[in-house]
file query-v3.tsv (TSV, C-alpha atoms)
chain	number	residue	atom	x	y	z
A	1	MET	CA	54.74	-70.03	43.58
A	2	ASP	CA	52.31	-72.90	43.23
A	3	SER	CA	49.52	-71.90	40.87
A	4	LYS	CA	46.86	-73.37	43.17
A	5	LYS	CA	48.13	-71.34	46.12
A	6	TYR	CA	48.26	-68.23	43.96
A	7	ARG	CA	44.68	-68.71	42.79
A	8	LEU	CA	43.62	-69.30	46.38
A	9	ARG	CA	45.27	-66.07	47.48
A	10	VAL	CA	43.61	-64.18	44.67
A	11	ILE	CA	40.24	-65.64	45.62
A	12	VAL	CA	40.78	-64.70	49.27
A	13	VAL	CA	41.82	-61.16	48.37
A	14	VAL	CA	38.90	-60.70	45.97
A	15	ALA	CA	36.49	-62.19	48.51
A	16	GLY	CA	37.89	-59.84	51.15
A	17	LEU	CA	37.49	-56.85	48.90
A	18	LEU	CA	33.94	-57.87	48.05
A	19	PHE	CA	33.14	-58.39	51.72
A	20	VAL	CA	34.52	-54.98	52.63
A	21	SER	CA	32.69	-53.35	49.74
A	22	PHE	CA	29.44	-55.11	50.58
A	23	SER	CA	29.80	-54.29	54.28
A	24	TYR	CA	30.43	-50.64	53.48
A	25	TYR	CA	27.42	-50.51	51.12
A	26	ALA	CA	25.27	-52.38	53.64
A	27	TYR	CA	26.29	-49.91	56.35
A	28	GLN	CA	25.36	-47.02	54.06
A	29	ILE	CA	21.99	-48.57	53.22
A	30	PHE	CA	21.16	-49.17	56.89
A	31	TYR	CA	22.76	-46.33	58.81
A	32	THR	CA	23.88	-43.45	56.58
A	33	ALA	CA	21.70	-40.32	56.64
A	34	ASN	CA	19.24	-40.60	53.77
A	35	ILE	CA	16.26	-38.50	54.83
A	36	GLN	CA	16.67	-34.95	53.58
A	37	VAL	CA	13.86	-32.51	54.37
A	38	ASN	CA	13.90	-28.74	54.40
A	39	LYS	CA	11.54	-28.32	57.34
A	40	GLU	CA	11.98	-29.75	60.83
A	41	ASP	CA	8.26	-30.58	61.02
A	42	SER	CA	7.83	-32.36	57.69
A	43	HIS	CA	5.52	-35.35	57.98
A	44	LEU	CA	4.61	-38.36	55.86
A	45	TYR	CA	0.89	-39.13	55.82
A	46	ILE	CA	-0.09	-42.69	54.94
A	47	TYR	CA	-3.79	-43.42	54.46
A	48	PRO	CA	-5.41	-46.81	55.09
A	49	GLY	CA	-5.00	-49.13	52.12
A	50	ALA	CA	-1.92	-47.35	50.81
A	51	THR	CA	0.65	-49.58	49.07
A	52	PHE	CA	4.42	-49.33	49.29
A	53	GLU	CA	4.42	-47.71	45.86
A	54	VAL	CA	2.14	-44.96	47.19
A	55	VAL	CA	4.45	-44.42	50.16
A	56	LEU	CA	7.49	-44.26	47.92
A	57	ASP	CA	5.73	-41.84	45.57
A	58	SER	CA	4.86	-39.58	48.52
A	59	LEU	CA	8.51	-39.54	49.61
A	60	ARG	CA	9.59	-38.77	46.03
A	61	GLN	CA	7.15	-35.86	45.81
A	62	LYS	CA	8.57	-34.46	49.02
A	63	GLU	CA	12.10	-35.02	47.66
A	64	ALA	CA	12.78	-36.57	51.06
A	65	LEU	CA	15.16	-39.32	49.95
A	66	SER	CA	18.75	-38.76	48.89
A	67	ASP	CA	18.94	-42.34	47.61
A	68	VAL	CA	15.62	-43.83	46.54
A	69	VAL	CA	17.17	-47.14	45.46
A	70	SER	CA	18.72	-47.88	48.86
A	71	PHE	CA	15.44	-47.10	50.64
A	72	ALA	CA	13.47	-49.36	48.28
A	73	PHE	CA	16.05	-52.15	48.64
A	74	LEU	CA	16.03	-52.06	52.45
A	75	SER	CA	12.21	-51.88	52.47
A	76	LYS	CA	12.13	-55.19	50.64
A	77	LEU	CA	14.86	-56.69	52.78
A	78	LEU	CA	13.00	-55.81	56.02
A	79	GLY	CA	9.63	-56.94	54.68
A	80	TYR	CA	8.05	-53.48	54.95
A	81	ARG	CA	6.50	-53.61	51.49
A	82	ASP	CA	3.88	-56.07	52.74
A	83	GLU	CA	3.33	-54.34	56.10
A	84	VAL	CA	2.43	-50.74	55.25
A	85	LYS	CA	0.57	-49.16	58.17
A	86	PRO	CA	-1.39	-45.91	58.06
A	87	GLY	CA	-0.30	-42.97	60.15
A	88	ARG	CA	1.42	-39.62	60.44
A	89	TYR	CA	5.17	-40.02	60.64
A	90	LEU	CA	7.76	-37.35	61.31
A	91	LEU	CA	10.52	-37.24	58.72
A	92	ARG	CA	13.55	-36.53	60.86
A	93	LYS	CA	16.20	-34.63	58.95
A	94	ASN	CA	19.37	-36.65	58.31
A	95	SER	CA	17.91	-39.85	59.75
A	96	SER	CA	18.73	-43.21	58.19
A	97	ASN	CA	16.67	-45.62	56.13
A	98	LEU	CA	16.64	-48.01	59.08
A	99	ASP	CA	15.35	-45.38	61.50
A	100	LEU	CA	12.41	-44.43	59.27
A	101	LEU	CA	11.58	-47.98	58.18
A	102	LYS	CA	11.54	-49.31	61.75
A	103	ARG	CA	8.97	-46.67	62.68
A	104	LEU	CA	6.94	-47.21	59.52
A	105	LYS	CA	6.89	-50.98	59.93
A	106	ARG	CA	5.70	-50.95	63.55
A	107	GLY	CA	3.21	-48.14	62.89
A	108	GLY	CA	5.06	-45.82	65.27
A	109	GLU	CA	3.05	-42.69	64.57
A	110	ASP	CA	4.08	-39.28	65.86
A	111	PRO	CA	1.24	-37.63	67.83
A	112	VAL	CA	-0.62	-34.52	66.77
A	113	ASN	CA	-0.79	-31.61	69.20
A	114	LEU	CA	-4.44	-30.69	68.75
A	115	THR	CA	-5.45	-27.28	70.14
A	116	PHE	CA	-8.96	-25.89	69.96
A	117	ASN	CA	-10.44	-22.67	71.34
A	118	ASN	CA	-12.38	-19.61	70.13
A	119	ILE	CA	-15.05	-21.80	68.50
A	120	ARG	CA	-18.75	-20.95	68.33
A	121	THR	CA	-20.57	-23.76	66.55
A	122	LEU	CA	-20.37	-27.52	66.11
A	123	PRO	CA	-19.67	-27.30	62.34
A	124	GLU	CA	-16.86	-24.83	63.05
A	125	PHE	CA	-15.45	-27.19	65.67
A	126	ALA	CA	-15.70	-30.15	63.29
A	127	GLY	CA	-13.85	-28.23	60.60
A	128	LYS	CA	-11.06	-27.15	62.92
A	129	ILE	CA	-10.28	-30.57	64.39
A	130	SER	CA	-10.71	-32.51	61.14
A	131	ALA	CA	-8.08	-30.26	59.55
A	132	ARG	CA	-5.55	-31.93	61.87
A	133	MET	CA	-6.97	-35.46	61.88
A	134	MET	CA	-7.50	-38.20	59.30
A	135	PHE	CA	-11.31	-38.15	59.61
A	136	ASP	CA	-13.31	-35.42	57.86
A	137	SER	CA	-15.81	-33.00	59.40
A	138	ASN	CA	-18.86	-34.89	58.10
A	139	GLU	CA	-17.65	-38.11	59.73
A	140	PHE	CA	-17.21	-36.30	63.03
A	141	ILE	CA	-20.60	-34.55	62.95
A	142	SER	CA	-22.30	-37.83	62.05
A	143	ALA	CA	-20.60	-39.54	65.01
A	144	ILE	CA	-21.25	-36.78	67.54
A	145	THR	CA	-24.91	-36.27	66.63
A	146	ASN	CA	-25.72	-39.99	66.76
A	147	LYS	CA	-28.70	-40.25	69.16
A	148	ALA	CA	-27.56	-43.49	70.79
A	149	ARG	CA	-24.07	-42.10	71.39
A	150	LEU	CA	-25.42	-38.81	72.77
A	151	ASP	CA	-27.63	-40.72	75.20
A	152	LYS	CA	-24.67	-42.83	76.30
A	153	LEU	CA	-22.54	-39.73	76.82
A	154	GLY	CA	-25.34	-37.99	78.71
A	155	TYR	CA	-25.69	-35.01	76.37
A	156	SER	CA	-28.05	-33.68	73.71
A	157	GLU	CA	-27.31	-31.93	70.41
A	158	GLN	CA	-27.81	-28.62	72.26
A	159	THR	CA	-25.47	-29.45	75.16
A	160	ILE	CA	-22.79	-31.63	73.53
A	161	MET	CA	-20.42	-28.69	73.06
A	162	ALA	CA	-20.22	-28.53	76.87
A	163	MET	CA	-18.32	-31.83	76.80
A	164	PHE	CA	-15.28	-30.33	75.06
A	165	ILE	CA	-12.78	-28.48	77.24
A	166	PRO	CA	-10.58	-26.12	75.17
A	167	ASN	CA	-6.96	-27.11	75.63
A	168	THR	CA	-4.08	-28.80	73.81
A	169	TYR	CA	-4.28	-32.58	73.51
A	170	GLN	CA	-1.94	-35.19	72.04
A	171	LEU	CA	-3.69	-37.64	69.74
A	172	TYR	CA	-2.74	-39.84	66.82
A	173	TRP	CA	-3.75	-38.67	63.35
A	174	THR	CA	-5.47	-42.02	62.71
A	175	THR	CA	-7.73	-41.65	65.78
A	176	SER	CA	-11.33	-42.37	64.75
A	177	PRO	CA	-14.17	-39.90	65.47
A	178	THR	CA	-15.63	-42.22	68.12
A	179	ASP	CA	-12.25	-42.69	69.83
A	180	PHE	CA	-11.75	-38.91	69.76
A	181	ILE	CA	-15.17	-38.39	71.36
A	182	ASP	CA	-14.41	-40.99	74.04
A	183	ARG	CA	-11.08	-39.28	74.77
A	184	MET	CA	-12.81	-35.91	75.13
A	185	LYS	CA	-15.38	-37.46	77.47
A	186	ASN	CA	-12.54	-38.73	79.66
A	187	GLU	CA	-10.84	-35.32	79.57
A	188	ASN	CA	-14.13	-33.69	80.60
A	189	GLU	CA	-14.48	-36.02	83.57
A	190	ARG	CA	-10.88	-35.31	84.56
A	191	PHE	CA	-11.51	-31.55	84.32
A	192	TRP	CA	-14.69	-31.73	86.41
A	193	ASN	CA	-12.91	-32.92	89.52
A	194	ALA	CA	-14.45	-32.98	92.99
A	195	GLU	CA	-13.47	-29.36	93.69
A	196	ARG	CA	-15.08	-27.93	90.56
A	197	LYS	CA	-18.20	-30.07	90.99
A	198	SER	CA	-18.51	-28.87	94.58
A	199	LYS	CA	-18.23	-25.23	93.48
A	200	ALA	CA	-20.88	-25.77	90.80
A	201	THR	CA	-23.25	-27.29	93.36
A	202	LYS	CA	-22.69	-24.38	95.76
A	203	ILE	CA	-23.72	-21.81	93.13
A	204	GLY	CA	-26.73	-23.91	92.09
A	205	LEU	CA	-25.58	-24.93	88.62
A	206	THR	CA	-24.77	-28.23	86.92
A	207	PRO	CA	-21.46	-28.54	85.03
A	208	VAL	CA	-23.34	-28.11	81.72
A	209	GLN	CA	-25.05	-24.98	83.05
A	210	VAL	CA	-21.68	-23.65	84.20
A	211	MET	CA	-20.33	-24.22	80.69
A	212	THR	CA	-23.36	-22.45	79.21
A	213	MET	CA	-22.98	-19.46	81.53
A	214	ALA	CA	-19.23	-19.43	80.87
A	215	SER	CA	-19.85	-19.34	77.12
A	216	ILE	CA	-21.81	-16.09	77.59
A	217	VAL	CA	-19.00	-14.63	79.70
A	218	GLU	CA	-16.48	-15.76	77.08
A	219	ALA	CA	-18.39	-13.91	74.35
A	220	GLU	CA	-18.72	-10.74	76.42
A	221	THR	CA	-15.08	-9.93	77.11
A	222	ASN	CA	-11.47	-10.60	76.17
A	223	GLN	CA	-10.28	-9.16	79.46
A	224	ASP	CA	-9.46	-11.83	82.02
A	225	LYS	CA	-9.76	-9.37	84.91
A	226	GLU	CA	-13.40	-8.68	83.99
A	227	ARG	CA	-14.63	-12.24	83.57
A	228	ALA	CA	-15.52	-12.90	87.22
A	229	THR	CA	-17.25	-9.50	87.46
A	230	ILE	CA	-19.37	-10.14	84.36
A	231	ALA	CA	-20.12	-13.65	85.62
A	232	GLY	CA	-21.34	-12.00	88.82
A	233	VAL	CA	-23.74	-9.77	86.86
A	234	TYR	CA	-25.31	-12.73	85.09
A	235	MET	CA	-25.47	-14.81	88.28
A	236	ASN	CA	-27.26	-11.90	90.01
A	237	ARG	CA	-29.81	-11.84	87.18
A	238	TYR	CA	-30.11	-15.61	87.09
A	239	ASN	CA	-30.60	-15.96	90.85
A	240	THR	CA	-33.31	-13.27	90.98
A	241	GLY	CA	-35.24	-14.67	88.01
A	242	MET	CA	-34.37	-11.70	85.79
A	243	LYS	CA	-33.87	-12.28	82.07
A	244	LEU	CA	-30.17	-12.51	81.26
A	245	GLN	CA	-30.58	-10.25	78.21
A	246	ALA	CA	-27.16	-11.25	76.91
A	247	ASP	CA	-26.37	-9.85	73.46
A	248	PRO	CA	-24.10	-12.80	72.51
A	249	THR	CA	-27.05	-15.18	72.83
A	250	VAL	CA	-28.99	-13.03	70.36
A	251	LYS	CA	-26.11	-13.12	67.89
A	252	PHE	CA	-26.05	-16.91	68.23
A	253	ALA	CA	-29.82	-17.10	67.70
A	254	VAL	CA	-29.65	-14.84	64.64
A	255	GLY	CA	-26.58	-16.69	63.34
A	256	ASP	CA	-24.67	-13.47	62.63
A	257	PHE	CA	-21.63	-13.04	64.87
A	258	SER	CA	-20.52	-9.89	63.06
A	259	LEU	CA	-23.37	-7.76	64.49
A	260	LYS	CA	-22.04	-4.56	66.06
A	261	ARG	CA	-25.37	-3.34	67.43
A	262	ILE	CA	-28.33	-5.32	68.70
A	263	ASN	CA	-31.73	-3.76	67.97
A	264	ASN	CA	-35.38	-4.60	68.63
A	265	THR	CA	-35.60	-6.70	65.48
A	266	HIS	CA	-32.91	-8.99	66.85
A	267	THR	CA	-34.18	-9.14	70.43
A	268	SER	CA	-37.73	-9.99	69.30
A	269	LEU	CA	-36.57	-13.14	67.47
A	270	GLU	CA	-38.32	-16.30	68.64
A	271	SER	CA	-35.51	-18.63	69.67
A	272	PRO	CA	-34.72	-20.63	72.81
A	273	TYR	CA	-31.28	-18.98	72.65
A	274	ASN	CA	-32.71	-15.45	72.80
A	275	THR	CA	-32.27	-14.48	76.45
A	276	TYR	CA	-34.17	-11.24	75.84
A	277	LYS	CA	-37.29	-13.36	75.28
A	278	ASN	CA	-36.67	-16.23	77.69
A	279	VAL	CA	-35.87	-16.41	81.38
A	280	GLY	CA	-32.85	-18.47	82.42
A	281	LEU	CA	-30.00	-19.97	80.49
A	282	PRO	CA	-30.13	-20.92	76.79
A	283	PRO	CA	-30.38	-24.67	75.95
A	284	GLY	CA	-26.62	-25.07	75.74
A	285	PRO	CA	-23.29	-23.25	75.25
A	286	ILE	CA	-23.06	-20.61	72.52
A	287	ASN	CA	-19.32	-21.29	72.13
A	288	LEU	CA	-16.52	-23.31	73.68
A	289	PRO	CA	-15.64	-21.24	76.76
A	290	SER	CA	-12.05	-21.07	77.92
A	291	ILE	CA	-11.01	-22.62	81.21
A	292	THR	CA	-10.54	-19.04	82.47
A	293	SER	CA	-14.22	-18.26	81.81
A	294	ILE	CA	-15.37	-21.56	83.34
A	295	ASP	CA	-13.44	-20.87	86.52
A	296	ALA	CA	-14.68	-17.25	86.48
A	297	VAL	CA	-18.25	-18.55	86.73
A	298	LEU	CA	-17.38	-21.04	89.45
A	299	ASN	CA	-15.66	-18.24	91.39
A	300	TYR	CA	-17.86	-15.36	90.26
A	301	GLU	CA	-17.48	-12.00	91.96
A	302	ARG	CA	-20.10	-11.27	94.60
A	303	HIS	CA	-21.31	-7.70	94.03
A	304	LYS	CA	-24.53	-5.74	93.47
A	305	TYR	CA	-24.14	-5.05	89.74
A	306	PHE	CA	-27.03	-6.03	87.51
A	307	TYR	CA	-25.98	-4.14	84.39
A	308	PHE	CA	-22.94	-3.44	82.24
A	309	CYS	CA	-22.16	-2.10	78.81
A	310	ALA	CA	-19.08	-1.47	76.73
A	311	SER	CA	-17.05	1.52	77.84
A	312	PRO	CA	-16.41	4.30	75.29
A	313	GLU	CA	-13.41	5.49	77.32
A	314	ALA	CA	-11.67	2.20	78.16
A	315	ILE	CA	-11.95	0.32	74.88
A	316	GLY	CA	-12.29	-3.41	75.45
A	317	PHE	CA	-13.59	-2.94	78.98
A	318	HIS	CA	-17.05	-2.32	80.45
A	319	ASP	CA	-18.87	0.09	82.72
A	320	PHE	CA	-20.91	-1.59	85.47
A	321	ALA	CA	-24.03	-0.33	87.22
A	322	GLU	CA	-26.23	-1.39	90.12
A	323	THR	CA	-29.36	0.44	88.96
A	324	PHE	CA	-31.15	0.61	85.63
A	325	ASN	CA	-31.00	4.43	85.62
A	326	ASP	CA	-27.22	4.41	85.92
A	327	HIS	CA	-27.07	1.75	83.22
A	328	VAL	CA	-29.17	3.90	80.87
A	329	LYS	CA	-26.67	6.73	81.29
A	330	ASN	CA	-23.74	4.40	80.55
A	331	ALA	CA	-25.53	2.88	77.57
A	332	GLN	CA	-26.30	6.32	76.10
A	333	LYS	CA	-22.63	7.25	76.29
A	334	TYR	CA	-21.76	4.12	74.35
A	335	ARG	CA	-24.51	4.69	71.76
A	336	ASP	CA	-23.20	8.21	71.20
A	337	TYR	CA	-19.73	6.72	70.72
A	338	LEU	CA	-21.04	4.25	68.11
A	339	ASP	CA	-22.92	7.04	66.32
A	340	LYS	CA	-19.70	9.02	66.02
A	341	LEU	CA	-18.09	5.98	64.40
A	342	ASN	CA	-21.13	5.61	62.11
A	343	ILE	CA	-21.80	2.09	63.39
A	344	HIS	CA	-25.51	1.26	63.15
call {"tool": "encode", "arguments": {"input": "query-v3.tsv", "output": "structure tokens"}}
result
Amino acid sequence: MDSKKYRLRVIVVVAGLLFVSFSYYAYQIFYTANIQVNKEDSHLYIYPGATFEVVLDSLRQKEALSDVVSFAFLSKLLGYRDEVKPGRYLLRKNSSNLDLLKRLKRGGEDPVNLTFNNIRTLPEFAGKISARMMFDSNEFISAITNKARLDKLGYSEQTIMAMFIPNTYQLYWTTSPTDFIDRMKNENERFWNAERKSKATKIGLTPVQVMTMASIVEAETNQDKERATIAGVYMNRYNTGMKLQADPTVKFAVGDFSLKRINNTHTSLESPYNTYKNVGLPPGPINLPSITSIDAVLNYERHKYFYFCASPEAIGFHDFAETFNDHVKNAQKYRDYLDKLNIH
């Protein structure tokens, strides 16, 4: 055989083998599963200003890459090293380099399901939401207590908690405090639809006053079936100009939510939140009331009860009374129950 033809055949064969080998390696780099995580909900958090080296180090610490070299090579090939974007990215088990890098390069964050409820104070709220978001609690408090922003939103520091409707919301981890606040304002306006606004008007309350009344109801009971009844008690007092005398408002004023018994020392405290001293509603909500409590106020039960106290027989429920004398009897039963438990 002609030596030139032989060499040509060898070159063709070698080139073919190299092409096949390169194609196979390229396929592995691009498409073979390379993300190995133990948990289905493992996420990569990239902060603003992070470099590719920081991202790679984070993945190494999580032991998320089966082949670090192939990921680094493809990152350079796709130009990701110069286009690192902050965000919270789901590390999908057994996904490829290409899948992850495409999402990282375009900044395709995975949303956070942010749920908040059972919150009493603004600092507590700030701490709970900042634990799931990139911003910290101080950034949020600074943004929400900004006078110009409060004026624009139509709230004060005392009423701003009424803007937040407890629920589950999808947001991006990189959402700024101001964008979060704007989103919550929009959610509030969506919640206070024409029907709810009409109901509020019919019972003589503004939406903020409804939220404030609902926060008292929320603090009084965990029993959904009692909420409308308790709301009816407070609306009866409110409409007749009687002091609400709501123990939860005293706890809020004192700043001690662990109080088991309210005494004269507590009820004599000078505070706009002390409804034993002041007629009408406190300046704003004493917690974030649930939607159930809000609707319980809007649809409060029409009855003749003006009093209620915790029941010693049906734990977690209350005994209701129309007259003060009947209430005194119910209250004495409960005090006797507390004395037996040595709760003072």
call {"tool": "residues_around", "arguments": {"input": "query-v3.tsv", "residues": "A:Ala162", "least_positions_apart": "3", "cutoff": "12 Å", "atoms": "only C-alpha atoms", "output": "number ranges by chain"}}
result
A: 119-122, 153-159, 165-166, 184-185, 187-189, 191-192, 206-215, 283-291, 294
call {"tool": "write_last_selection", "arguments": {"input": "query-v3.tsv", "atoms": "C-alpha atoms", "output": "JSON list (two decimals), in the coordinates of the input"}}
result
[["chain", "number", "residue", "atom", "x", "y", "z"],
["A", 119, "ILE", "CA", -15.05, -21.80, 68.50],
["A", 120, "ARG", "CA", -18.75, -20.95, 68.33],
["A", 121, "THR", "CA", -20.57, -23.76, 66.55],
["A", 122, "LEU", "CA", -20.37, -27.52, 66.11],
["A", 153, "LEU", "CA", -22.54, -39.73, 76.82],
["A", 154, "GLY", "CA", -25.34, -37.99, 78.71],
["A", 155, "TYR", "CA", -25.69, -35.01, 76.37],
["A", 156, "SER", "CA", -28.05, -33.68, 73.71],
["A", 157, "GLU", "CA", -27.31, -31.93, 70.41],
["A", 158, "GLN", "CA", -27.81, -28.62, 72.26],
["A", 159, "THR", "CA", -25.47, -29.45, 75.16],
["A", 165, "ILE", "CA", -12.78, -28.48, 77.24],
["A", 166, "PRO", "CA", -10.58, -26.12, 75.17],
["A", 184, "MET", "CA", -12.81, -35.91, 75.13],
["A", 185, "LYS", "CA", -15.38, -37.46, 77.47],
["A", 187, "GLU", "CA", -10.84, -35.32, 79.57],
["A", 188, "ASN", "CA", -14.13, -33.69, 80.60],
["A", 189, "GLU", "CA", -14.48, -36.02, 83.57],
["A", 191, "PHE", "CA", -11.51, -31.55, 84.32],
["A", 192, "TRP", "CA", -14.69, -31.73, 86.41],
["A", 206, "THR", "CA", -24.77, -28.23, 86.92],
["A", 207, "PRO", "CA", -21.46, -28.54, 85.03],
["A", 208, "VAL", "CA", -23.34, -28.11, 81.72],
["A", 209, "GLN", "CA", -25.05, -24.98, 83.05],
["A", 210, "VAL", "CA", -21.68, -23.65, 84.20],
["A", 211, "MET", "CA", -20.33, -24.22, 80.69],
["A", 212, "THR", "CA", -23.36, -22.45, 79.21],
["A", 213, "MET", "CA", -22.98, -19.46, 81.53],
["A", 214, "ALA", "CA", -19.23, -19.43, 80.87],
["A", 215, "SER", "CA", -19.85, -19.34, 77.12],
["A", 283, "PRO", "CA", -30.38, -24.67, 75.95],
["A", 284, "GLY", "CA", -26.62, -25.07, 75.74],
["A", 285, "PRO", "CA", -23.29, -23.25, 75.25],
["A", 286, "ILE", "CA", -23.06, -20.61, 72.52],
["A", 287, "ASN", "CA", -19.32, -21.29, 72.13],
["A", 288, "LEU", "CA", -16.52, -23.31, 73.68],
["A", 289, "PRO", "CA", -15.64, -21.24, 76.76],
["A", 290, "SER", "CA", -12.05, -21.07, 77.92],
["A", 291, "ILE", "CA", -11.01, -22.62, 81.21],
["A", 294, "ILE", "CA", -15.37, -21.56, 83.34]]
call {"tool": "closest_residue", "arguments": {"input": "query-v3.tsv", "among": "A:Ile141, A:Leu338, A:Leu114, A:Leu65", "to": "A:Ile129", "atoms": "only C-alpha atoms"}}
result
A:Leu114
call {"tool": "residues_around", "arguments": {"input": "query-v3.tsv", "residues": "A:Asn138", "least_positions_apart": "5", "cutoff": "10 Å", "atoms": "only C-alpha atoms", "output": "PyMOL selection string"}}
result
chain A and resi 123+126-127+130+143-144
call {"tool": "atom_distance", "arguments": {"input": "query-v3.tsv", "atom1": "atom CA of A:Thr292", "atom2": "atom CA of A:Arg227"}}
result
8.0 Å
call {"tool": "closest_residue", "arguments": {"input": "query-v3.tsv", "among": "A:Ser293, A:Thr168, A:Asn236, A:Thr267", "to": "A:Asp224", "atoms": "only C-alpha atoms"}}
result
A:Ser293
call {"tool": "closest_residue", "arguments": {"input": "query-v3.tsv", "among": "A:Asp151, A:Lys102, A:Asn193, A:Glu139", "to": "A:Ser176", "atoms": "all atoms listed in the file"}}
result
A:Glu139
call {"tool": "residues_around", "arguments": {"input": "query-v3.tsv", "residues": "A:Arg106", "least_positions_apart": "2", "cutoff": "10 Å", "atoms": "all atoms listed in the file", "output": "list of chain:residue names"}}
result
A:Tyr80, A:Glu83, A:Val84, A:Lys85, A:Leu101, A:Lys102, A:Arg103, A:Leu104, A:Gly108, A:Glu109
call {"tool": "write_last_selection", "arguments": {"input": "query-v3.tsv", "atoms": "C-alpha atoms", "output": "tab-separated table (two decimals), keeping the file's coordinate frame"}}
result
chain	number	residue	atom	x	y	z
A	80	TYR	CA	8.05	-53.48	54.95
A	83	GLU	CA	3.33	-54.34	56.10
A	84	VAL	CA	2.43	-50.74	55.25
A	85	LYS	CA	0.57	-49.16	58.17
A	101	LEU	CA	11.58	-47.98	58.18
A	102	LYS	CA	11.54	-49.31	61.75
A	103	ARG	CA	8.97	-46.67	62.68
A	104	LEU	CA	6.94	-47.21	59.52
A	108	GLY	CA	5.06	-45.82	65.27
A	109	GLU	CA	3.05	-42.69	64.57
call {"tool": "closest_residue", "arguments": {"input": "query-v3.tsv", "among": "A:Asn278, A:Asn325, A:Asn167, A:Asn97", "to": "A:Ala64", "atoms": "all atoms listed in the file"}}
result
A:Asn97
call {"tool": "residues_around", "arguments": {"input": "query-v3.tsv", "residues": "stretch 311-323 of chain A", "least_positions_apart": "6", "cutoff": "9 Å", "atoms": "all atoms listed in the file", "output": "ChimeraX atom specification"}}
result
/A:221-223,226,229-230,233,303-305,330-331,333-338
call {"tool": "write_last_selection", "arguments": {"input": "query-v3.tsv", "atoms": "C-alpha atoms", "output": "PDB file, keeping the file's coordinate frame"}}
result
ATOM      1  CA  THR A 221     -15.080  -9.930  77.110  1.00  0.00           C
ATOM      2  CA  ASN A 222     -11.470 -10.600  76.170  1.00  0.00           C
ATOM      3  CA  GLN A 223     -10.280  -9.160  79.460  1.00  0.00           C
ATOM      4  CA  GLU A 226     -13.400  -8.680  83.990  1.00  0.00           C
ATOM      5  CA  THR A 229     -17.250  -9.500  87.460  1.00  0.00           C
ATOM      6  CA  ILE A 230     -19.370 -10.140  84.360  1.00  0.00           C
ATOM      7  CA  VAL A 233     -23.740  -9.770  86.860  1.00  0.00           C
ATOM      8  CA  HIS A 303     -21.310  -7.700  94.030  1.00  0.00           C
ATOM      9  CA  LYS A 304     -24.530  -5.740  93.470  1.00  0.00           C
ATOM     10  CA  TYR A 305     -24.140  -5.050  89.740  1.00  0.00           C
ATOM     11  CA  ASN A 330     -23.740   4.400  80.550  1.00  0.00           C
ATOM     12  CA  ALA A 331     -25.530   2.880  77.570  1.00  0.00           C
ATOM     13  CA  LYS A 333     -22.630   7.250  76.290  1.00  0.00           C
ATOM     14  CA  TYR A 334     -21.760   4.120  74.350  1.00  0.00           C
ATOM     15  CA  ARG A 335     -24.510   4.690  71.760  1.00  0.00           C
ATOM     16  CA  ASP A 336     -23.200   8.210  71.200  1.00  0.00           C
ATOM     17  CA  TYR A 337     -19.730   6.720  70.720  1.00  0.00           C
ATOM     18  CA  LEU A 338     -21.040   4.250  68.110  1.00  0.00           C
TER      19      LEU A 338
END
call {"tool": "atom_distance", "arguments": {"input": "query-v3.tsv", "atom1": "atom CA of A:Pro248", "atom2": "atom CA of A:Pro272"}}
result
13.2 Å
